[in-house]
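Colleague: Got a structure for you, protein34.txt, holding compact mmCIF, C-alpha atoms.
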# COMPACT_ATOMS: atom_id res chain seq x y z
CA MET P 1 162.91 103.17 145.75
CA THR P 2 159.27 104.12 146.16
CA GLN P 3 156.47 102.60 144.13
CA HIS P 4 155.91 105.95 142.42
CA SER P 5 159.48 105.96 141.11
CA ARG P 6 158.76 102.87 139.02
CA LEU P 7 157.15 103.16 135.64
CA VAL P 8 156.47 100.81 132.76
CA GLU P 9 156.43 102.91 129.61
CA ARG P 10 155.85 102.14 125.95
CA VAL P 11 158.19 104.13 123.70
CA ARG P 12 157.39 104.29 119.98
CA HIS P 13 160.06 104.34 117.27
CA GLU P 14 159.90 105.41 113.65
CA LEU P 15 159.20 102.39 111.45
CA LYS P 16 162.32 101.58 109.45
CA PHE P 17 163.25 98.76 107.09
CA ARG P 18 166.87 97.80 106.55
CA VAL P 19 168.50 95.38 104.13
CA ALA P 20 171.44 93.67 105.85
CA LYS P 21 174.07 91.09 105.05
CA VAL P 22 175.33 88.29 107.24
CA LEU P 23 178.69 89.23 108.69
CA LYS P 24 179.21 86.15 110.89
CA SER P 25 177.33 82.96 111.78
CA GLU P 26 178.28 80.80 114.75
CA ARG P 27 176.77 78.04 116.89
CA ILE P 28 176.73 78.99 120.55
CA THR P 29 175.04 75.67 121.39
CA PRO P 30 174.01 72.77 119.13
CA GLN P 31 170.51 74.23 118.70
CA MET P 32 171.22 77.97 118.86
CA ALA P 33 172.82 79.97 116.05
CA ARG P 34 174.13 83.49 116.67
CA ILE P 35 174.12 85.55 113.50
CA THR P 36 175.65 89.00 113.22
CA LEU P 37 174.21 91.24 110.51
CA ALA P 38 175.83 94.32 109.01
CA SER P 39 174.24 97.34 107.34
CA ASP P 40 175.14 101.01 107.19
CA ASP P 41 171.53 101.63 108.22
CA PHE P 42 172.15 100.08 111.65
CA GLU P 43 173.80 103.39 112.56
CA SER P 44 170.28 104.56 113.51
CA PHE P 45 169.03 101.25 115.00
CA ILE P 46 167.22 101.69 118.34
CA SER P 47 166.33 99.00 120.90
CA LEU P 48 165.64 100.36 124.38
CA ALA P 49 164.28 97.21 126.01
CA TYR P 50 165.57 93.67 126.47
CA ASP P 51 162.37 92.12 125.05
CA ASP P 52 162.07 94.33 121.97
CA HIS P 53 161.49 92.57 118.70
CA CYS P 54 162.34 93.38 115.14
CA LYS P 55 160.69 91.63 112.22
CA VAL P 56 163.13 89.60 110.16
CA PHE P 57 162.20 88.98 106.50
CA PHE P 58 163.68 85.94 104.78
CA PRO P 59 164.59 85.84 101.08
CA GLU P 60 163.03 83.41 98.65
CA ALA P 61 165.22 80.43 97.80
CA GLY P 62 167.63 81.34 95.00
CA ALA P 63 166.86 85.07 95.17
CA THR P 64 169.79 87.35 94.37
CA GLY P 65 168.40 90.63 95.71
CA PHE P 66 165.90 91.63 98.37
CA PRO P 67 162.65 93.55 97.72
CA VAL P 68 162.59 96.90 99.48
CA PRO P 69 159.13 97.87 100.75
CA GLU P 70 157.54 101.28 101.05
CA ARG P 71 155.96 102.52 104.24
CA GLY P 72 152.16 102.43 104.03
CA GLU P 73 149.40 103.48 106.43
CA ASN P 74 149.31 100.03 108.02
CA GLY P 75 152.99 99.14 107.89
CA LEU P 76 155.33 97.95 105.16
CA VAL P 77 154.08 97.42 101.61
CA PHE P 78 156.26 95.19 99.42
CA PRO P 79 156.56 95.40 95.60
CA ASP P 80 153.88 93.44 93.71
CA GLY P 81 152.19 92.75 97.06
CA LYS P 82 154.56 89.83 97.68
CA ARG P 83 155.43 89.87 101.37
CA PRO P 84 158.42 87.66 102.24
CA GLU P 85 158.20 85.15 105.09
CA ALA P 86 158.89 86.97 108.37
CA ARG P 87 159.39 86.21 112.06
CA ASP P 88 159.94 88.34 115.17
CA TYR P 89 163.35 88.27 116.87
CA THR P 90 164.88 89.89 119.92
CA PRO P 91 167.88 92.15 119.22
CA ARG P 92 170.53 90.32 121.25
CA TYR P 93 173.26 92.92 120.74
CA TYR P 94 173.60 95.95 118.52
CA ASP P 95 176.43 98.36 117.86
CA ASN P 96 175.56 101.64 116.16
CA ALA P 97 179.21 102.57 115.63
CA ALA P 98 180.06 99.20 114.05
CA ARG P 99 176.64 99.17 112.30
CA THR P 100 175.91 95.62 113.34
CA LEU P 101 172.96 93.73 114.82
CA THR P 102 173.21 90.29 116.43
CA LEU P 103 170.29 87.84 116.61
CA ASP P 104 170.03 84.37 118.16
CA PHE P 105 168.04 81.72 116.27
CA VAL P 106 166.64 78.51 117.75
CA LEU P 107 167.38 75.72 115.27
CA HIS P 108 164.29 73.57 115.59
CA GLY P 109 162.37 72.11 112.70
CA ASP P 110 162.42 73.18 109.07
CA GLY P 111 160.49 76.46 109.20
CA ALA P 112 161.46 79.58 107.31
CA ALA P 113 163.60 80.96 110.14
CA SER P 114 165.30 77.73 111.22
CA GLY P 115 166.00 76.72 107.64
CA TRP P 116 167.58 80.06 106.81
CA ALA P 117 169.62 80.27 110.02
CA GLN P 118 170.85 76.70 109.67
CA ASP P 119 172.58 77.50 106.39
CA ALA P 120 173.31 81.23 106.78
CA LYS P 121 176.75 82.26 105.61
CA PRO P 122 178.60 85.56 105.28
CA GLY P 123 177.24 87.67 102.44
CA ASP P 124 173.67 86.32 102.61
CA THR P 125 171.04 89.06 102.46
CA ILE P 126 168.08 89.52 104.79
CA GLY P 127 165.53 92.23 105.65
CA VAL P 128 164.99 93.75 109.10
CA GLY P 129 162.01 95.91 110.11
CA GLY P 130 161.68 97.84 113.37
CA PRO P 131 161.66 97.65 116.32
CA ARG P 132 158.47 99.71 116.22
CA GLY P 133 158.56 100.33 119.95
CA SER P 134 160.06 99.42 123.30
CA PHE P 135 158.35 98.36 126.54
CA VAL P 136 160.69 100.10 129.00
CA VAL P 137 160.74 99.31 132.73
CA ARG P 138 161.94 102.45 134.54
CA GLY P 139 163.35 102.34 138.04
CA ASP P 140 164.99 99.56 140.01
CA PHE P 141 162.96 96.79 141.62
CA ASP P 142 164.00 94.80 144.67
CA TRP P 143 164.11 91.61 142.59
CA TYR P 144 163.44 90.29 139.10
CA LEU P 145 161.96 86.97 138.01
CA LEU P 146 162.59 85.88 134.42
CA VAL P 147 160.82 82.78 133.09
CA GLY P 148 160.83 81.22 129.63
CA ASP P 149 161.84 78.49 127.20
CA GLU P 150 164.62 78.74 124.61
CA THR P 151 162.58 81.14 122.44
CA ALA P 152 162.74 83.62 125.35
CA LEU P 153 166.39 82.93 126.11
CA PRO P 154 167.74 85.86 124.05
CA ALA P 155 165.47 88.30 125.92
CA ILE P 156 166.20 86.74 129.32
CA SER P 157 169.95 86.72 128.67
CA ARG P 158 169.95 90.33 127.50
CA ARG P 159 167.97 91.37 130.59
CA LEU P 160 170.38 89.62 132.94
CA GLU P 161 173.35 91.23 131.21
CA GLU P 162 171.79 94.73 131.33
CA LEU P 163 170.66 94.64 134.98
CA PRO P 164 172.73 96.48 137.62
CA ARG P 165 175.52 94.25 138.86
CA ASP P 166 174.06 94.22 142.39
CA ALA P 167 170.53 93.34 141.26
CA ARG P 168 168.73 90.34 142.71
CA ALA P 169 167.51 88.18 139.84
CA ILE P 170 166.03 84.71 139.49
CA ALA P 171 165.80 83.07 136.05
CA VAL P 172 164.00 79.82 135.23
CA ILE P 173 164.85 78.66 131.71
CA GLU P 174 163.58 75.55 129.92
CA ILE P 175 165.94 74.04 127.34
CA ALA P 176 165.99 70.91 125.18
CA ASP P 177 168.89 69.32 127.05
CA ASN P 178 171.90 70.31 129.12
CA GLY P 179 173.94 70.88 125.96
CA GLU P 180 171.88 74.05 125.48
CA ILE P 181 173.06 75.74 128.69
CA GLN P 182 174.63 79.08 127.81
CA LYS P 183 177.12 81.25 129.66
CA ILE P 184 175.36 84.49 130.65
CA ASP P 185 177.06 87.56 132.12
CA ALA P 186 174.47 87.82 134.90
CA PRO P 187 174.64 89.82 138.15
CA GLU P 188 176.81 88.13 140.75
CA ASN P 189 173.89 87.12 142.99
CA ALA P 190 171.60 85.93 140.18
CA GLU P 191 170.08 82.46 140.45
CA ILE P 192 169.72 80.67 137.11
CA HIS P 193 167.72 77.46 137.05
CA TRP P 194 168.12 75.45 133.84
CA LEU P 195 165.30 72.95 133.23
CA SER P 196 166.20 70.23 130.72
CA ARG P 197 163.45 68.51 128.75
CA GLU P 198 165.91 65.65 128.20
CA GLY P 199 164.78 65.18 124.64
CA ALA P 200 161.03 65.57 125.23
CA GLU P 201 159.02 67.76 122.87
CA PRO P 202 158.60 71.42 123.89
CA GLY P 203 155.21 72.78 124.93
CA ASP P 204 154.47 71.12 128.29
CA LEU P 205 153.39 74.16 130.32
CA HIS P 206 153.71 72.29 133.62
CA LYS P 207 157.51 72.13 133.52
CA LEU P 208 158.06 75.87 133.89
CA LEU P 209 154.85 76.44 135.86
CA GLY P 210 155.81 73.78 138.40
CA ALA P 211 159.28 75.26 138.80
CA VAL P 212 157.86 78.74 139.44
CA GLN P 213 155.29 77.35 141.89
CA GLY P 214 158.16 75.84 143.85
CA LEU P 215 160.15 79.07 144.15
CA GLU P 216 160.48 80.98 147.40
CA LEU P 217 160.24 84.60 146.28
CA PRO P 218 161.01 87.70 148.37
CA GLN P 219 158.07 89.55 149.91
CA SER P 220 159.36 92.90 148.61
CA ASP P 221 158.58 94.49 145.22
CA GLY P 222 159.62 92.52 142.15
CA TYR P 223 159.16 92.63 138.39
CA VAL P 224 158.27 89.46 136.50
CA PHE P 225 158.91 88.68 132.83
CA VAL P 226 157.61 85.44 131.35
CA ALA P 227 157.69 84.44 127.69
CA GLY P 228 157.63 81.37 125.49
CA GLU P 229 154.78 78.98 124.76
CA SER P 230 151.48 80.88 124.97
CA ALA P 231 149.56 78.67 127.43
CA MET P 232 152.59 78.46 129.73
CA SER P 233 152.94 82.25 129.83
CA LYS P 234 149.26 82.65 130.72
CA ALA P 235 149.48 79.96 133.40
CA VAL P 236 152.54 81.50 135.06
CA ARG P 237 150.94 84.95 134.99
CA HIS P 238 147.76 83.56 136.56
CA HIS P 239 149.81 81.86 139.27
CA MET P 240 151.76 85.02 140.09
CA VAL P 241 148.76 87.38 140.11
CA GLU P 242 145.92 85.19 141.41
CA GLU P 243 147.77 82.82 143.72
CA ARG P 244 150.70 84.93 144.92
CA GLY P 245 148.97 88.32 144.75
CA HIS P 246 151.68 89.88 142.59
CA ASN P 247 150.97 93.38 141.28
CA PRO P 248 149.61 92.80 137.73
CA ASP P 249 151.26 96.03 136.57
CA TRP P 250 154.63 94.54 137.43
CA ILE P 251 154.42 91.44 135.26
CA LYS P 252 154.75 91.04 131.52
CA ALA P 253 153.66 87.71 130.04
CA ALA P 254 154.14 87.14 126.32
CA GLY P 255 153.23 84.22 124.07
CA TYR P 256 156.04 83.71 121.56
CA TRP P 257 154.62 80.52 120.04
CA GLN P 258 151.74 78.08 120.48
CA ALA P 259 151.90 74.35 121.16
CA GLY P 260 150.20 72.41 118.40
CA SER P 261 151.08 74.90 115.68
CA GLU P 262 152.69 73.44 112.58
CA ASP P 263 156.07 74.97 113.19
CA PHE P 264 158.01 75.66 116.39
CA ASP P 265 159.38 78.83 114.78
CA ASP P 266 155.98 80.14 113.70
CA GLY P 267 154.93 83.46 115.17
CA HIS P 268 157.26 85.19 117.60
CA ALA P 269 160.17 82.78 117.74
CA HIS P 270 163.78 83.57 118.56
Could I get this file's structure written as structure tokens?

Modeller:
Amino acid sequence: MTQHSRLVERVRHELKFRVAKVLKSERITPQMARITLASDDFESFISLAYDDHCKVFFPEAGATGFPVPERGENGLVFPDGKRPEARDYTPRYYDNAARTLTLDFVLHGDGAASGWAQDAKPGDTIGVGGPRGSFVVRGDFDWYLLVGDETALPAISRRLEELPRDARAIAVIEIADNGEIQKIDAPENAEIHWLSREGAEPGDLHKLLGAVQGLELPQSDGYVFVAGESAMSKAVRHHMVEERGHNPDWIKAAGYWQAGSEDFDDGHAH
């Protein structure tokens, strides 16, 4: 494939808000909950890219219903100006025919998202906005490098599962401990490196950065995705672009959370 056949394109979607109910809640590892939501409105749900995010709105404790917002000039406007707590999550799976959406939640700390996911049970109600757009990578690259901590694991897993079966992929994933290793339906020749913190606190950028620095990468054209703690993502991007000379158009680095913030699931946490 020639360089001109590859394109990174941002696709916008109509802003939609959906009220959904929990259909199923399961633990895929001790610190990761997989929650399947159901709503007739998921018939029109769109997620074109593995690292899309929808905004999940959590109900107030003891609430029986869920406030439905109107669409304003700058996004969603909730009744009485009371905006529920919200976090960004990667659509892990969705099924338009079954009208379901599946999200994976890291259970870490007592934030709004972790607290809700910890106790979620069938019938619980939640709000879902978006995705507002997709960052679509068109064309096949010679190889793919996927780097992140557990907050990026849903996006990395979805990418590995959606790649062509003969794709060359390398994933470097930081997890709390080896009990968090997941089974991923990756291409046959994919290399997955699991980095255990062995109980240490998350947020040490050198763990993932050091692992990437130690990789032997092909000299041909590759696409790099890195996400997780903000400083780590910046450091890995800097290493790839400034030290390895990687094409900056062929790398996406996203900060999903920030070390030192009050809550591990603040911001863009999965």

Colleague: What gap, in Å, lies between atom CA of P:Gly127 and atom CA of P:Ala112?

Modeller: 13.4 Å

Colleague: Show me the residues close to (166.7, 78.1, 114.1) - anything with an atom within 9 Å, counting only C-alpha atoms - and format the list as a list of chain:residue names.

Modeller: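 The distance filter leaves exactly P:Gln31, P:Met32, P:Ala33, P:Asp104, P:Phe105, P:Val106, P:Leu107, P:His108, P:Gly109, P:Asp110, P:Gly111, P:Ala112, P:Ala113, P:Ser114, P:Gly115, P:Trp116, P:Ala117, P:Gln118, P:Asp265, P:Ala269, P:His270.
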
Colleague: Using only C-alpha atoms, please write the residues we just selected to a file, as an mmCIF file, in the frame of the given file.

Modeller:
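Resulting contents of again.cif:
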data_model
loop_
_atom_site.group_PDB
_atom_site.id
_atom_site.type_symbol
_atom_site.label_atom_id
_atom_site.label_comp_id
_atom_site.auth_asym_id
_atom_site.auth_seq_id
_atom_site.Cartn_x
_atom_site.Cartn_y
_atom_site.Cartn_z
ATOM 1 C CA GLN P 31 170.510 74.230 118.700
ATOM 2 C CA MET P 32 171.220 77.970 118.860
ATOM 3 C CA ALA P 33 172.820 79.970 116.050
ATOM 4 C CA ASP P 104 170.030 84.370 118.160
ATOM 5 C CA PHE P 105 168.040 81.720 116.270
ATOM 6 C CA VAL P 106 166.640 78.510 117.750
ATOM 7 C CA LEU P 107 167.380 75.720 115.270
ATOM 8 C CA HIS P 108 164.290 73.570 115.590
ATOM 9 C CA GLY P 109 162.370 72.110 112.700
ATOM 10 C CA ASP P 110 162.420 73.180 109.070
ATOM 11 C CA GLY P 111 160.490 76.460 109.200
ATOM 12 C CA ALA P 112 161.460 79.580 107.310
ATOM 13 C CA ALA P 113 163.600 80.960 110.140
ATOM 14 C CA SER P 114 165.300 77.730 111.220
ATOM 15 C CA GLY P 115 166.000 76.720 107.640
ATOM 16 C CA TRP P 116 167.580 80.060 106.810
ATOM 17 C CA ALA P 117 169.620 80.270 110.020
ATOM 18 C CA GLN P 118 170.850 76.700 109.670
ATOM 19 C CA ASP P 265 159.380 78.830 114.780
ATOM 20 C CA ALA P 269 160.170 82.780 117.740
ATOM 21 C CA HIS P 270 163.780 83.570 118.560
#

Colleague: Might you pull out every residue within 9 Å of P:Leu205, with all atoms listed in the file counted and same-chain residues fewer than 4 positions away left off, and present them as a PDB file with C-alpha atoms, in the coordinates of the input?

Modeller:
ATOM      1  CA  LEU P 209     154.850  76.440 135.860  1.00  0.00           C
ATOM      2  CA  GLY P 210     155.810  73.780 138.400  1.00  0.00           C
ATOM      3  CA  GLU P 229     154.780  78.980 124.760  1.00  0.00           C
ATOM      4  CA  SER P 230     151.480  80.880 124.970  1.00  0.00           C
ATOM      5  CA  ALA P 231     149.560  78.670 127.430  1.00  0.00           C
ATOM      6  CA  MET P 232     152.590  78.460 129.730  1.00  0.00           C
ATOM      7  CA  SER P 233     152.940  82.250 129.830  1.00  0.00           C
ATOM      8  CA  ALA P 235     149.480  79.960 133.400  1.00  0.00           C
ATOM      9  CA  VAL P 236     152.540  81.500 135.060  1.00  0.00           C
TER      10      VAL P 236
END

Colleague: Between P:Val68, P:Gly214, P:Ala49, P:Gly179, which is the closest to P:Ile156 once you count all atoms listed in the file?

Modeller: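 The answer is P:Ala49, which sits nearest to P:Ile156.
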
Colleague: Env of stretch 174-178 of chain P: 9 Å cut, atoms = all atoms listed in the file, seq-sep filter 3 positions within chain, self excluded. Answer as a PyMOL selection string.

Modeller: chain P and resi 31+147-150+153+181+193-202+207-208

Colleague: Under the rule that only C-alpha atoms are counted, which of P:Leu37, P:Lys234, P:Ser157, P:Pro67 is the nearest residue to P:Gln182?

Modeller: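 Among the listed residues, the smallest separation from P:Gln182 belongs to P:Ser157.
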
Colleague: In Å to one decimal, how far is atom CA of P:Gln219 from atom CA of P:Val8?

Modeller: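 Between atom CA of P:Val8 and atom CA of P:Gln219 the gap works out to 20.6 Å.
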
Colleague: What lies within 12 Å of P:Arg132 using only C-alpha atoms, ignoring chain neighbours under 3 positions off, as a PDB file with C-alpha atoms, in the coordinates of the input?

Modeller:
ATOM      1  CA  ARG P  10     155.850 102.140 125.950  1.00  0.00           C
ATOM      2  CA  VAL P  11     158.190 104.130 123.700  1.00  0.00           C
ATOM      3  CA  ARG P  12     157.390 104.290 119.980  1.00  0.00           C
ATOM      4  CA  HIS P  13     160.060 104.340 117.270  1.00  0.00           C
ATOM      5  CA  GLU P  14     159.900 105.410 113.650  1.00  0.00           C
ATOM      6  CA  LEU P  15     159.200 102.390 111.450  1.00  0.00           C
ATOM      7  CA  LYS P  16     162.320 101.580 109.450  1.00  0.00           C
ATOM      8  CA  PHE P  17     163.250  98.760 107.090  1.00  0.00           C
ATOM      9  CA  PHE P  45     169.030 101.250 115.000  1.00  0.00           C
ATOM     10  CA  ILE P  46     167.220 101.690 118.340  1.00  0.00           C
ATOM     11  CA  SER P  47     166.330  99.000 120.900  1.00  0.00           C
ATOM     12  CA  LEU P  48     165.640 100.360 124.380  1.00  0.00           C
ATOM     13  CA  ALA P  49     164.280  97.210 126.010  1.00  0.00           C
ATOM     14  CA  ASP P  52     162.070  94.330 121.970  1.00  0.00           C
ATOM     15  CA  HIS P  53     161.490  92.570 118.700  1.00  0.00           C
ATOM     16  CA  CYS P  54     162.340  93.380 115.140  1.00  0.00           C
ATOM     17  CA  LYS P  55     160.690  91.630 112.220  1.00  0.00           C
ATOM     18  CA  GLY P  75     152.990  99.140 107.890  1.00  0.00           C
ATOM     19  CA  LEU P  76     155.330  97.950 105.160  1.00  0.00           C
ATOM     20  CA  ASP P  88     159.940  88.340 115.170  1.00  0.00           C
ATOM     21  CA  VAL P 128     164.990  93.750 109.100  1.00  0.00           C
ATOM     22  CA  GLY P 129     162.010  95.910 110.110  1.00  0.00           C
ATOM     23  CA  PHE P 135     158.350  98.360 126.540  1.00  0.00           C
TER      24      PHE P 135
END

Colleague: In terms of the shortest atom-to-atom distance over all atoms listed in the file, which of P:Leu23, P:Ser261, P:Pro79, P:Ala155 is closest to P:Ile184?

Modeller: P:Ala155

Colleague: As an exercise, work out the distance from atom CA of P:Pro131 to atom CA of P:Thr90 in Å and give it to one decimal place.

Modeller: 9.1 Å

Colleague: Under the rule that only C-alpha atoms are counted, which of P:Ala254, P:Ala97, P:Ala211, P:Val77 is the nearest residue to P:Phe42?

Modeller: P:Ala97

Colleague: Give me, as an mmCIF file with C-alpha atoms, in the coordinates of the input, all polymer residues having an atom no more than 8 Å from P:Asn189, counting only C-alpha atoms and skipping those fewer than 5 positions away in the same chain.

Modeller:
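Result file follows (part.cif):
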data_model
loop_
_atom_site.group_PDB
_atom_site.id
_atom_site.type_symbol
_atom_site.label_atom_id
_atom_site.label_comp_id
_atom_site.auth_asym_id
_atom_site.auth_seq_id
_atom_site.Cartn_x
_atom_site.Cartn_y
_atom_site.Cartn_z
ATOM 1 C CA ASP P 166 174.060 94.220 142.390
ATOM 2 C CA ALA P 167 170.530 93.340 141.260
ATOM 3 C CA ARG P 168 168.730 90.340 142.710
ATOM 4 C CA ALA P 169 167.510 88.180 139.840
#

Colleague: Calculated over all atoms listed in the file, which of the candidates P:Glu162, P:Asp80, P:Glu73, P:Glu180 has the smallest distance to P:Pro30?

Modeller: P:Glu180

Colleague: Please provide as a list in words all residues within 6 Å of P:Ile35, with the sequence filter that same-chain residues fewer than 2 positions apart are discarded (counting only C-alpha atoms).

Modeller: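 The residues that qualify are Lys24, Ser25, Thr102 and Leu103 of chain P.
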
Colleague: Using only C-alpha atoms, find the one residue out of P:Phe57, P:Phe66, P:Phe78, P:Tyr94 that sits nearest to P:Glu43.

Modeller: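 Comparing P:Phe57, P:Phe66, P:Phe78, P:Tyr94 against P:Glu43, the winner is P:Tyr94.
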